[in-house]
Amino acid sequence: MAVYTEFSEEALNGFLSDYALGTLVAFEGIAEGVENSNFLLTLSSGKYILTLFEKRMRPDELPWFLGLMQHLAKAGVNCPQPVEGKDGKALRHLAGKPAVITTFLNGKGVAASTPDECRQVGQAMAELHKAGQSYAPVRANALAADAWGPLLERCGKIGDDLGRGFGQDIACALGKVVPLWPQPGDLPIGQIHADLFPDNVFFQNGSLSGLIDFYFACTDMFAYDLAICLNAWCFEEREGSVIYRQDCANSLVEGYEQVRPLTAQERAVLPVLAQGAALRFVLTRLYDWINTPSDALVTRKDPRPYMKRFNHFSKVGHV
Ligand SMILES: Nc1ncnc2c1ncn2[C@@H]1O[C@H](COP(=O)(O)OP(=O)(O)OP(=O)(O)O)[C@@H](O)[C@H]1O
Ligand SMILES: N[C@@H](CCO)C(=O)O
């Protein structure tokens with residue numbers, strides 16, 4: 001459960017008095033997610049999401065994320081919109097943490113993806129990439145390839161609970177992928193979501209209805225965003241093994257290209273980007289695996305299935 005910060009109803013009422021959203025009917029912590037504390041607010045004017053920003057977020061970067069969400073929503077992407085207080089400010093504080101209220105989106109994430117859903121995700125991602133092109137502020141990717149080695153080092157000594165030599169396997173994989181990573185200027189860049197996993201894409205009656213959780217968004221290669229989705233949407237995890245769903249991958253890329261065709265260079269480097277994307281999630285999951293206190297109200301994610309995705313892409317050499 002991702003509720004790291006708690007507050008009293010009295011504190012919440014004080015916080016809400018700075019908005020023109022009516023009175024509090026109910027509020028509850030949301031179990032899903034690992035990054036920030038999220039609450040569902042039911043107010044007399046409707047439902048909203050209250051997010052308190054935690055550990056990985058740099059407060060000075062929050063306006064960039066909120067500005068991006070506002071920009072994308074105006075351009076027709078169905079994503080949460082920050083709600084402004086009576087003073088016109090959306091970014092406020094609650095319980096000592098930066099906090100924002102955003103609009104509530106209907107729909108639900110999917111458990112097991114199908115080619116049809118992947119096609120819709122590809123289209124929505126390309127639309128996001130296009131809509132973001134007129135958002136000028138830049139946010140460098142704090143989890144880009146040059147950050148992976150230092151992140152592995154920060155994990156410190158990696159025991160054998162994830163399998164013998166897990167840390168060495170990662171170091172070896174980084175040694176293969178990082179030297180092949182595209183250089184600035186090699187591929188088209190723009191605003192990317194960078195965490196478009198199935199829990200961050202909502203569907204209603206089989207149709208994609210919205211995208212949430214923009215707090216890893218950054219300015220990076222468009223094709224890297226697609227590579228992240230190949231990892232997140234195109235594998236089935238079954239009894240400890242991961243199985244590549246080529247049909248899902250084909251649909252994802254086809255859906256993307258219906259809106260924004262890939263360049264020949266993007267296509268050529270996609271297998272390397274897919275390997276790097278797998279390692280990026282191995283590393284953040286590993287870091288959290290080691291550093292999440294055992295009494296924290298959050299379910300740790302296992303890094304091993306992403307190492308298996310890396311092994312797959314590294315072995316077959318195509319997507
Ligand atoms: N705007 C929204 N509308 C409806 N539900 C939402 C909205 N934002 C968040 N949620 C709900 O809260 C859950 C957690 O939100 P979110 O994914 O943003 O949290 P997180 O801690 O950043 O998670 P993650 O681990 O994916 O980074 C979502 O799975 C969804 O159920
Ligand atoms: N989507 C990430 C977690 C939050 O960003 C993962 O599955 O590791």
# chains A, B, ... in the order shown; residues from 1 in each chain; ligands from 1
>>> select_by_dssp(residues="range 52-103 of chain A", states="helix (DSSP H, G or I)", output="PyMOL selection string")
chain A and resi 59-74
>>> residues_around(residues="Ile170 in chain A", least_positions_apart="4", cutoff="9 Å", atoms="only C-alpha atoms", output="ChimeraX atom specification")
/A:152,165-166,174-175,279,282-283,307
>>> write_last_selection(atoms="N, CA and C atoms", output="PDB file, in the first residue's frame")
ATOM      1  N   LEU A 152      23.362   1.332  -9.259  1.00  0.00           N
ATOM      2  CA  LEU A 152      23.776  -0.021  -8.834  1.00  0.00           C
ATOM      3  C   LEU A 152      24.755   0.084  -7.669  1.00  0.00           C
ATOM      4  N   GLY A 165      24.821 -14.142  -7.494  1.00  0.00           N
ATOM      5  CA  GLY A 165      25.457 -13.327  -8.541  1.00  0.00           C
ATOM      6  C   GLY A 165      24.526 -12.343  -9.223  1.00  0.00           C
ATOM      7  N   PHE A 166      23.384 -12.034  -8.594  1.00  0.00           N
ATOM      8  CA  PHE A 166      22.421 -11.131  -9.251  1.00  0.00           C
ATOM      9  C   PHE A 166      23.064  -9.768  -9.542  1.00  0.00           C
ATOM     10  N   LEU A 174      24.918  -4.059 -17.787  1.00  0.00           N
ATOM     11  CA  LEU A 174      25.150  -2.621 -17.997  1.00  0.00           C
ATOM     12  C   LEU A 174      26.374  -2.411 -18.877  1.00  0.00           C
ATOM     13  N   GLY A 175      27.409  -3.225 -18.644  1.00  0.00           N
ATOM     14  CA  GLY A 175      28.643  -3.126 -19.428  1.00  0.00           C
ATOM     15  C   GLY A 175      28.388  -3.364 -20.912  1.00  0.00           C
ATOM     16  N   LEU A 279      16.670  -2.924 -17.769  1.00  0.00           N
ATOM     17  CA  LEU A 279      17.649  -2.719 -16.686  1.00  0.00           C
ATOM     18  C   LEU A 279      17.274  -1.547 -15.790  1.00  0.00           C
ATOM     19  N   VAL A 282      14.914  -3.011 -13.417  1.00  0.00           N
ATOM     20  CA  VAL A 282      15.638  -3.916 -12.504  1.00  0.00           C
ATOM     21  C   VAL A 282      16.261  -3.071 -11.392  1.00  0.00           C
ATOM     22  N   LEU A 283      16.892  -1.971 -11.791  1.00  0.00           N
ATOM     23  CA  LEU A 283      17.675  -1.188 -10.827  1.00  0.00           C
ATOM     24  C   LEU A 283      16.813  -0.461  -9.800  1.00  0.00           C
ATOM     25  N   MET A 307      14.947  -8.645 -15.145  1.00  0.00           N
ATOM     26  CA  MET A 307      16.232  -9.197 -15.602  1.00  0.00           C
ATOM     27  C   MET A 307      15.952 -10.251 -16.679  1.00  0.00           C
TER      28      MET A 307
END
>>> closest_residue(among="A:Lys108, A:Lys157, A:Lys89, A:Arg58", to="Asp18 in chain A", atoms="only C-alpha atoms")
A:Lys89
>>> residues_near_ligand(ligand="ligand 1", cutoff="8 Å", atoms="only C-alpha atoms and all ligand atoms", output="NGL selection string")
:A and (2 or 30-40 or 48-49 or 51 or 79-81 or 102-109 or 195 or 197 or 199-200 or 212-216)
>>> write_last_selection(atoms="N, CA and C atoms", output="mmCIF file, in the first residue's frame")
data_model
loop_
_atom_site.group_PDB
_atom_site.id
_atom_site.type_symbol
_atom_site.label_atom_id
_atom_site.label_comp_id
_atom_site.auth_asym_id
_atom_site.auth_seq_id
_atom_site.Cartn_x
_atom_site.Cartn_y
_atom_site.Cartn_z
ATOM 1 N N ALA A 2 0.573 2.176 -0.847
ATOM 2 C CA ALA A 2 1.418 3.363 -0.868
ATOM 3 C C ALA A 2 0.736 4.519 -0.153
ATOM 4 N N ILE A 30 -5.141 5.101 -0.985
ATOM 5 C CA ILE A 30 -5.221 4.178 -2.129
ATOM 6 C C ILE A 30 -4.085 3.173 -2.013
ATOM 7 N N ALA A 31 -4.440 1.898 -2.104
ATOM 8 C CA ALA A 31 -3.460 0.838 -1.862
ATOM 9 C C ALA A 31 -2.428 0.713 -2.969
ATOM 10 N N GLU A 32 -2.824 0.965 -4.228
ATOM 11 C CA GLU A 32 -1.885 0.745 -5.334
ATOM 12 C C GLU A 32 -0.789 1.812 -5.368
ATOM 13 N N GLY A 33 0.270 1.483 -6.086
ATOM 14 C CA GLY A 33 1.351 2.452 -6.278
ATOM 15 C C GLY A 33 2.468 2.224 -5.283
ATOM 16 N N VAL A 34 3.660 2.718 -5.636
ATOM 17 C CA VAL A 34 4.786 2.587 -4.721
ATOM 18 C C VAL A 34 5.495 3.908 -4.477
ATOM 19 N N GLU A 35 5.218 4.931 -5.285
ATOM 20 C CA GLU A 35 6.060 6.120 -5.223
ATOM 21 C C GLU A 35 5.565 7.181 -4.243
ATOM 22 N N ASN A 36 4.320 7.600 -4.446
ATOM 23 C CA ASN A 36 3.786 8.713 -3.657
ATOM 24 C C ASN A 36 2.610 8.239 -2.823
ATOM 25 N N SER A 37 2.171 9.083 -1.866
ATOM 26 C CA SER A 37 0.965 8.751 -1.102
ATOM 27 C C SER A 37 -0.233 9.299 -1.861
ATOM 28 N N ASN A 38 -1.213 8.442 -2.104
ATOM 29 C CA ASN A 38 -2.404 8.857 -2.866
ATOM 30 C C ASN A 38 -3.663 8.615 -2.056
ATOM 31 N N PHE A 39 -4.596 9.547 -2.150
ATOM 32 C CA PHE A 39 -5.873 9.427 -1.430
ATOM 33 C C PHE A 39 -7.002 9.736 -2.405
ATOM 34 N N LEU A 40 -8.074 8.980 -2.259
ATOM 35 C CA LEU A 40 -9.287 9.295 -3.009
ATOM 36 C C LEU A 40 -10.120 10.228 -2.147
ATOM 37 N N TYR A 48 -11.914 13.341 -6.432
ATOM 38 C CA TYR A 48 -10.593 13.867 -6.796
ATOM 39 C C TYR A 48 -9.517 12.932 -6.241
ATOM 40 N N ILE A 49 -8.288 13.111 -6.735
ATOM 41 C CA ILE A 49 -7.138 12.390 -6.183
ATOM 42 C C ILE A 49 -6.224 13.404 -5.497
ATOM 43 N N THR A 51 -2.525 13.787 -3.983
ATOM 44 C CA THR A 51 -1.201 13.150 -3.981
ATOM 45 C C THR A 51 -0.256 13.943 -3.096
ATOM 46 N N CYS A 79 -5.708 12.974 -19.215
ATOM 47 C CA CYS A 79 -4.835 12.719 -18.069
ATOM 48 C C CYS A 79 -5.299 13.604 -16.909
ATOM 49 N N PRO A 80 -4.882 13.276 -15.677
ATOM 50 C CA PRO A 80 -5.333 14.082 -14.544
ATOM 51 C C PRO A 80 -4.894 15.536 -14.692
ATOM 52 N N GLN A 81 -5.777 16.439 -14.289
ATOM 53 C CA GLN A 81 -5.433 17.868 -14.347
ATOM 54 C C GLN A 81 -5.298 18.419 -12.950
ATOM 55 N N THR A 102 -5.717 16.435 -8.009
ATOM 56 C CA THR A 102 -5.931 16.350 -9.454
ATOM 57 C C THR A 102 -7.327 15.796 -9.725
ATOM 58 N N THR A 103 -7.772 15.971 -10.961
ATOM 59 C CA THR A 103 -9.083 15.439 -11.336
ATOM 60 C C THR A 103 -9.033 13.913 -11.325
ATOM 61 N N PHE A 104 -10.176 13.307 -11.089
ATOM 62 C CA PHE A 104 -10.311 11.844 -11.031
ATOM 63 C C PHE A 104 -10.649 11.334 -12.424
ATOM 64 N N LEU A 105 -9.963 10.266 -12.848
ATOM 65 C CA LEU A 105 -10.289 9.671 -14.157
ATOM 66 C C LEU A 105 -11.049 8.376 -13.944
ATOM 67 N N ASN A 106 -12.074 8.165 -14.733
ATOM 68 C CA ASN A 106 -12.795 6.889 -14.677
ATOM 69 C C ASN A 106 -12.002 5.831 -15.427
ATOM 70 N N GLY A 107 -12.246 4.591 -15.079
ATOM 71 C CA GLY A 107 -11.587 3.482 -15.761
ATOM 72 C C GLY A 107 -10.712 2.708 -14.808
ATOM 73 N N LYS A 108 -10.076 1.657 -15.344
ATOM 74 C CA LYS A 108 -9.231 0.783 -14.520
ATOM 75 C C LYS A 108 -8.064 0.279 -15.350
ATOM 76 N N GLY A 109 -6.945 0.003 -14.661
ATOM 77 C CA GLY A 109 -5.822 -0.629 -15.338
ATOM 78 C C GLY A 109 -6.194 -2.067 -15.687
ATOM 79 N N ASP A 195 6.930 5.756 -17.694
ATOM 80 C CA ASP A 195 6.465 4.722 -16.739
ATOM 81 C C ASP A 195 5.062 4.262 -17.139
ATOM 82 N N PHE A 197 3.104 1.852 -17.552
ATOM 83 C CA PHE A 197 2.826 0.455 -17.212
ATOM 84 C C PHE A 197 1.307 0.232 -17.220
ATOM 85 N N ASP A 199 -0.715 -0.433 -14.975
ATOM 86 C CA ASP A 199 -1.493 0.206 -13.905
ATOM 87 C C ASP A 199 -1.635 1.713 -14.114
ATOM 88 N N ASN A 200 -0.955 2.248 -15.115
ATOM 89 C CA ASN A 200 -1.051 3.686 -15.364
ATOM 90 C C ASN A 200 -1.866 4.025 -16.611
ATOM 91 N N ILE A 212 -2.409 7.985 -16.419
ATOM 92 C CA ILE A 212 -2.118 8.644 -15.135
ATOM 93 C C ILE A 212 -0.626 8.544 -14.797
ATOM 94 N N ASP A 213 -0.273 9.133 -13.674
ATOM 95 C CA ASP A 213 1.040 8.969 -13.047
ATOM 96 C C ASP A 213 2.191 9.472 -13.917
ATOM 97 N N PHE A 214 2.266 10.774 -14.028
ATOM 98 C CA PHE A 214 3.280 11.407 -14.897
ATOM 99 C C PHE A 214 4.557 11.766 -14.143
ATOM 100 N N TYR A 215 4.788 11.193 -12.979
ATOM 101 C CA TYR A 215 5.871 11.707 -12.137
ATOM 102 C C TYR A 215 7.253 11.120 -12.434
ATOM 103 N N PHE A 216 7.360 10.315 -13.510
ATOM 104 C CA PHE A 216 8.682 9.973 -14.054
ATOM 105 C C PHE A 216 8.862 10.623 -15.422
#
>>> select_by_dssp(residues="range 53-246 of chain A", states="strand (DSSP E)", output="PyMOL selection string")
chain A and resi 92-94+97-103+189-192+201-204+207-211+218-221+235-238+241-244
>>> write_last_selection(atoms="C-alpha atoms", output="PDB file, in the first residue's frame")
ATOM      1  CA  ARG A  92       0.411  23.313  -1.977  1.00  0.00           C
ATOM      2  CA  HIS A  93       1.481  21.570   1.248  1.00  0.00           C
ATOM      3  CA  LEU A  94      -0.186  19.080   3.563  1.00  0.00           C
ATOM      4  CA  LYS A  97       4.757  17.368   2.124  1.00  0.00           C
ATOM      5  CA  PRO A  98       4.188  19.042  -1.241  1.00  0.00           C
ATOM      6  CA  ALA A  99       0.638  18.130  -2.234  1.00  0.00           C
ATOM      7  CA  VAL A 100      -1.652  18.452  -5.224  1.00  0.00           C
ATOM      8  CA  ILE A 101      -5.290  17.666  -5.948  1.00  0.00           C
ATOM      9  CA  THR A 102      -5.931  16.350  -9.454  1.00  0.00           C
ATOM     10  CA  THR A 103      -9.083  15.439 -11.336  1.00  0.00           C
ATOM     11  CA  ILE A 189      13.450  13.491 -28.373  1.00  0.00           C
ATOM     12  CA  GLY A 190      10.565  15.148 -26.576  1.00  0.00           C
ATOM     13  CA  GLN A 191       8.340  14.748 -23.536  1.00  0.00           C
ATOM     14  CA  ILE A 192       7.913  11.079 -22.623  1.00  0.00           C
ATOM     15  CA  VAL A 201      -3.353   3.218 -18.357  1.00  0.00           C
ATOM     16  CA  PHE A 202      -7.095   3.151 -17.748  1.00  0.00           C
ATOM     17  CA  PHE A 203      -9.621   1.312 -19.890  1.00  0.00           C
ATOM     18  CA  GLN A 204     -13.408   1.434 -19.892  1.00  0.00           C
ATOM     19  CA  SER A 207     -11.394   1.363 -24.829  1.00  0.00           C
ATOM     20  CA  LEU A 208      -8.438   3.293 -23.478  1.00  0.00           C
ATOM     21  CA  SER A 209      -9.899   6.056 -21.345  1.00  0.00           C
ATOM     22  CA  GLY A 210      -6.928   7.830 -19.773  1.00  0.00           C
ATOM     23  CA  LEU A 211      -3.281   7.930 -18.681  1.00  0.00           C
ATOM     24  CA  CYS A 218      10.984  13.677 -18.693  1.00  0.00           C
ATOM     25  CA  THR A 219      12.536  14.902 -21.923  1.00  0.00           C
ATOM     26  CA  ASP A 220      14.148  11.907 -23.585  1.00  0.00           C
ATOM     27  CA  MET A 221      14.073   9.733 -26.710  1.00  0.00           C
ATOM     28  CA  PHE A 235       5.452 -10.248 -21.513  1.00  0.00           C
ATOM     29  CA  GLU A 236       3.387 -12.766 -19.635  1.00  0.00           C
ATOM     30  CA  GLU A 237       4.713 -13.841 -16.247  1.00  0.00           C
ATOM     31  CA  ARG A 238       3.925 -17.485 -15.601  1.00  0.00           C
ATOM     32  CA  SER A 241       9.238 -17.490 -16.213  1.00  0.00           C
ATOM     33  CA  VAL A 242       8.478 -14.641 -18.555  1.00  0.00           C
ATOM     34  CA  ILE A 243       7.104 -15.264 -22.033  1.00  0.00           C
ATOM     35  CA  TYR A 244       7.397 -12.679 -24.783  1.00  0.00           C
TER      36      TYR A 244
END
